[in-house]
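Q: First the structure, which I've put down as structure tokens, then a few questions once you've had a look.
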Amino acid sequence: SYLFGLDPQARADKGYSSIPPVNAAAKALINAVYARAPSRSYFVGCSNGGRQAMVATQRYPDMFDGVIAAAPAYRVPLAAIDGVGHVQTFMSIAPKGSDGKPDLGSALTRDELKVIADGILDACDAADGVKDGMVQAVKAGKFDPAVLACKPGQNSACLPEQKVKALAKVQAGTRNSKGELIYSDWPYDPGMAAPGWTAWKIGSPNASPPNARNVTLIPGSIAYDFMSPPEKPADLLEWTLKFDFDRDPPKVMKGADGFESGMEFEASASTDLDKFKARGGKIIFTHGAADPIFSALDTIRYQEALNAKYADAASFSRLFVIPGMNHCAGGPATDAFDAVAALDAWVEKGIAPEMIPAKARKTPDVPWPDRTRPLCAYPKVATYRGSGSVEDAASFDCK
């Protein structure tokens with residue numbers, strides 16, 4: 001899927017230039033079906049779609065009345081490099097498989113992932129006023145994975161020292177030899193034990209070659225799509241393990257031979273929303289706290305940058321962090337919610353979303369399938385009132 005990166009025009013189309021023709025085609029279709037043009041235009045996307053939503057606010061500020069940027073891949077080249085760093089770290093602690101090679105999918109066992117999730121809950125769950133298996137106060141929780149280290153003679157309900165160090169290294173974010181952070185640090189959330197997290201970070205046990213998406217998807221994106229000119233590695237896993245965080249990141253920072261650099265995708269990191277704001281545009285960000293490929297802390301920093309630039313940022317931009325949620329959906333989370341209705345009410349009626357009602361879905365990841373919660377506009381968090389059912393959103397306020 002990443003071979004399109006060899007075509008400069010395809011790179012530009014993925015980055016930004018496909019938005020106007022797709023928008024025109026969609027409006028033509030609507031007009032043909034309903035015999036009238038749409039009264040409002042919204043862009044809704046997650047992951048790369050979330051990044052494109054941000055691109056729309058910056059490059060095409062008059063095209064949409066509002067956008068929803070969910071789990072936005074707005075610094076995707078650097079996030080991808082960070083993902084390669086995570087693969088290297090987890091491979092360093094992976095046991096040997098039957099073929100004698102490191103078994104990435106067994107770097108953290110199910111029992112060890114549960115130890116991690118339980119440790120995070122022990123340290124952070126109560127910060128929102130009640131222990132309910134969710135960490136609402138994403139930035140307030142203070143968790144040190146060192147508390148999970150096995151004590152002398154202990155071999156269960158703990159992590160070996162090398163795994164504690166690997167986990168801490170991954171969550172702190174990949175750095176170069178100067179100690180400079182390449183992308184972002186990551187929040188600790190119990191959703192890290194969910195399949196939606198492991199599918200990206202380590203993949204399935206006994207898979208040879210490893211099937212983690214940080215191996216099957218990300219290296220090809222960097223080599224073919226983000227580097228300029230593209231590289232064409234014969235073995236993506238070998239290329240991943242030899243990736244050098246001093247030598248190789250600059251290769252996505254430049255353009256050559258007619259290829260736009262991978263940093264063209266970084267254009268969506270701009271906080272220049274003057275024109276979008278002036279035309280009354282609204283933007284809603286959503287991001288899962290246990291997203292394994294794009295850090296919720298990085299999206300928080302973008303919203304904070306808007307807050308610093310615009311005194312009235314809350315009049316056009318709101319961020320909602322979803323505890324427990326993996327990439328776009330999944331995890332032990334209340335991940336069923338209608339952000340489009342909230343956006344439409346904001347655009348049409350001027351009702352800024354202070355909270356968005358959410359509920360849990362009945363999936364194997366969710367231990368409380370009937371739970372409801374308010375998703376609160378950052379920096380507020382869903383806080384227990386002190387009484388009432390912990391399964392009911394009515395027992396929580398945004399504070």
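Going through the structure tokens in order, the chains are called A, B, and so on, while each chain numbers its residues from 1 and the ligands are numbered from 1 in the order shown.
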Skip stretch 200-205 of chain A itself and residues of its chain fewer than 3 positions away, then list as a PyMOL selection string all residues within 6 Å of it, counting only C-alpha atoms.
A: chain A and resi 104-106+197+211-214
Q: For those residues, write C-alpha atoms to a file as a compact mmCIF listing (two decimals), in the first residue's frame.
A:
# COMPACT_ATOMS: atom_id res chain seq x y z
CA LEU A 104 8.00 -9.59 19.10
CA GLY A 105 4.44 -10.62 19.92
CA SER A 106 5.66 -12.23 23.16
CA TRP A 197 -2.81 -1.39 21.50
CA ASN A 211 2.79 -8.92 12.41
CA ALA A 212 2.71 -5.76 14.54
CA ARG A 213 1.49 -2.82 12.44
CA ASN A 214 4.58 -0.92 13.55
Q: Once you count only C-alpha atoms, what closest atom pair and distance in Å to one decimal does each residue of stretch 177-200 of chain A within 9 Å of stretch 73-83 of chain A have, with rows by chain and rising residue number, as CSV?
A:
residue,atom,partner,partner_atom,distance
A:Ile182,CA,A:Leu78,CA,6.3
A:Tyr183,CA,A:Leu78,CA,5.2
A:Ser184,CA,A:Ala79,CA,7.7
A:Trp200,CA,A:Gly83,CA,8.7
Q: Among stretch 279-318 of chain A, which ones does DSSP place in helix (DSSP H, G or I), written as a PyMOL selection string?
A: chain A and resi 296-309+313-315
Q: I'd like the neighbourhood of A:Ala149 as an mmCIF file with C-alpha atoms, in the first residue's frame, where a residue qualifies if any of its atoms comes within 10 Å (using only C-alpha atoms), though same-chain residues fewer than 5 positions away should be ignored.
A:
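After the write, selection17.cif holds the following:
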data_model
loop_
_atom_site.group_PDB
_atom_site.id
_atom_site.type_symbol
_atom_site.label_atom_id
_atom_site.label_comp_id
_atom_site.auth_asym_id
_atom_site.auth_seq_id
_atom_site.Cartn_x
_atom_site.Cartn_y
_atom_site.Cartn_z
ATOM 1 C CA GLN A 154 8.900 -12.803 42.969
ATOM 2 C CA ASN A 155 8.049 -14.190 39.518
ATOM 3 C CA ALA A 157 2.193 -10.207 39.172
ATOM 4 C CA CYS A 158 5.288 -8.163 38.284
ATOM 5 C CA LEU A 159 7.623 -7.317 35.398
ATOM 6 C CA PRO A 160 11.277 -8.290 34.988
ATOM 7 C CA GLU A 161 13.597 -5.300 35.287
ATOM 8 C CA GLN A 162 14.438 -5.219 31.565
ATOM 9 C CA LYS A 163 10.727 -5.048 30.681
ATOM 10 C CA VAL A 164 10.150 -2.227 33.161
ATOM 11 C CA LYS A 165 12.952 -0.269 31.504
#
Q: For A:Trp186, which residue among A:Ala28, A:Ala290, A:Cys398, A:Val366 is the nearest when counting only C-alpha atoms?
A: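 Among the listed residues, the smallest separation from A:Trp186 belongs to A:Ala290.
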Q: One number please: atom CA of A:Met355 to atom CA of A:Ile120, in Å, one decimal.
A: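 Those two atoms sit 25.1 Å apart.
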Q: Do you have the atom CA of A:Asp370-atom CA of A:Ala393 distance handy?
A: 10.7 Å
Q: Please list as a PDB file with C-alpha atoms, in the first residue's frame every residue within 7 Å of A:Val170, counting only C-alpha atoms and excluding residues in the same chain fewer than 4 positions away.
A:
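Written output follows (part.pdb):
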ATOM      1  CA  HIS A  86       9.243   1.139  19.863  1.00  0.00           C
ATOM      2  CA  ALA A 166      11.633  -1.030  28.016  1.00  0.00           C
ATOM      3  CA  THR A 174      12.115   7.753  21.171  1.00  0.00           C
TER       4      THR A 174
END
Q: For A:Trp346, work out the shell of residues within 12 Å, counting only C-alpha atoms and skipping chain neighbours fewer than 4 positions away, then give it as number ranges by chain.
A: A: 42, 65-67, 280-284, 314-318, 339-342, 350-356
Q: For A:Pro72, which residue out of A:Pro249, A:Gly288, A:Gly220, A:Gly179 is the nearest one, using only C-alpha atoms?
A: A:Gly288
Q: Env of stretch 132-146 of chain A: 7 Å cut, atoms = only C-alpha atoms, seq-sep filter 3 positions within chain, self excluded. Answer as a ChimeraX atom specification.
A: /A:120-121,123-125,127-128,149,164,168,187,189,323-324,381-382,390
Q: Return the single residue from A:Lys359, A:Arg175, A:Arg51, A:Lys96 that is closest to A:Ala269, with distances computed using only C-alpha atoms.
A: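 When distances to A:Ala269 are compared using only C-alpha atoms, the smallest one comes from A:Arg51.
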Q: Work out how far apart atom CA of A:Asn23 and atom CA of A:Phe320 are and give it in Å to one decimal.
A: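 Separating atom CA of A:Asn23 from atom CA of A:Phe320 is a distance of 26.1 Å.
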Q: Can you tell me which residues surround A:Lys362 at a distance of at most 12 Å, considering only C-alpha atoms, apart from same-chain residues fewer than 5 positions away, and format the answer as a PyMOL selection string?
A: chain A and resi 330-336+367-371
Q: Residues of the last selection are to be written out with N, CA and C atoms, as an mmCIF file, in the first residue's frame.
A:
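Written output follows (result.cif):
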data_model
loop_
_atom_site.group_PDB
_atom_site.id
_atom_site.type_symbol
_atom_site.label_atom_id
_atom_site.label_comp_id
_atom_site.auth_asym_id
_atom_site.auth_seq_id
_atom_site.Cartn_x
_atom_site.Cartn_y
_atom_site.Cartn_z
ATOM 1 N N GLY A 330 -12.312 1.283 20.190
ATOM 2 C CA GLY A 330 -11.846 0.091 20.876
ATOM 3 C C GLY A 330 -11.190 0.372 22.206
ATOM 4 N N GLY A 331 -10.948 -0.704 22.950
ATOM 5 C CA GLY A 331 -10.367 -0.572 24.280
ATOM 6 C C GLY A 331 -11.441 -0.479 25.346
ATOM 7 N N PRO A 332 -11.044 -0.500 26.620
ATOM 8 C CA PRO A 332 -12.010 -0.380 27.726
ATOM 9 C C PRO A 332 -12.453 1.075 27.859
ATOM 10 N N ALA A 333 -13.387 1.478 27.019
ATOM 11 C CA ALA A 333 -13.706 2.894 26.877
ATOM 12 C C ALA A 333 -15.189 3.097 26.602
ATOM 13 N N THR A 334 -15.651 4.310 26.846
ATOM 14 C CA THR A 334 -16.967 4.741 26.364
ATOM 15 C C THR A 334 -16.720 5.420 25.019
ATOM 16 N N ASP A 335 -16.603 4.595 23.982
ATOM 17 C CA ASP A 335 -16.150 5.091 22.687
ATOM 18 C C ASP A 335 -17.272 5.231 21.661
ATOM 19 N N ALA A 336 -18.533 5.150 22.121
ATOM 20 C CA ALA A 336 -19.674 5.381 21.234
ATOM 21 C C ALA A 336 -20.248 6.759 21.553
ATOM 22 N N PRO A 367 -15.468 -4.244 30.294
ATOM 23 C CA PRO A 367 -16.017 -4.984 31.435
ATOM 24 C C PRO A 367 -17.339 -4.422 31.945
ATOM 25 N N TRP A 368 -17.769 -3.267 31.443
ATOM 26 C CA TRP A 368 -19.013 -2.619 31.904
ATOM 27 C C TRP A 368 -19.776 -2.108 30.681
ATOM 28 N N PRO A 369 -20.460 -3.025 29.952
ATOM 29 C CA PRO A 369 -21.051 -2.686 28.650
ATOM 30 C C PRO A 369 -22.191 -1.677 28.679
ATOM 31 N N ASP A 370 -22.771 -1.412 29.838
ATOM 32 C CA ASP A 370 -23.888 -0.464 29.899
ATOM 33 C C ASP A 370 -23.462 0.896 30.445
ATOM 34 N N ARG A 371 -22.183 1.118 30.605
ATOM 35 C CA ARG A 371 -21.681 2.357 31.226
ATOM 36 C C ARG A 371 -21.846 3.559 30.294
#
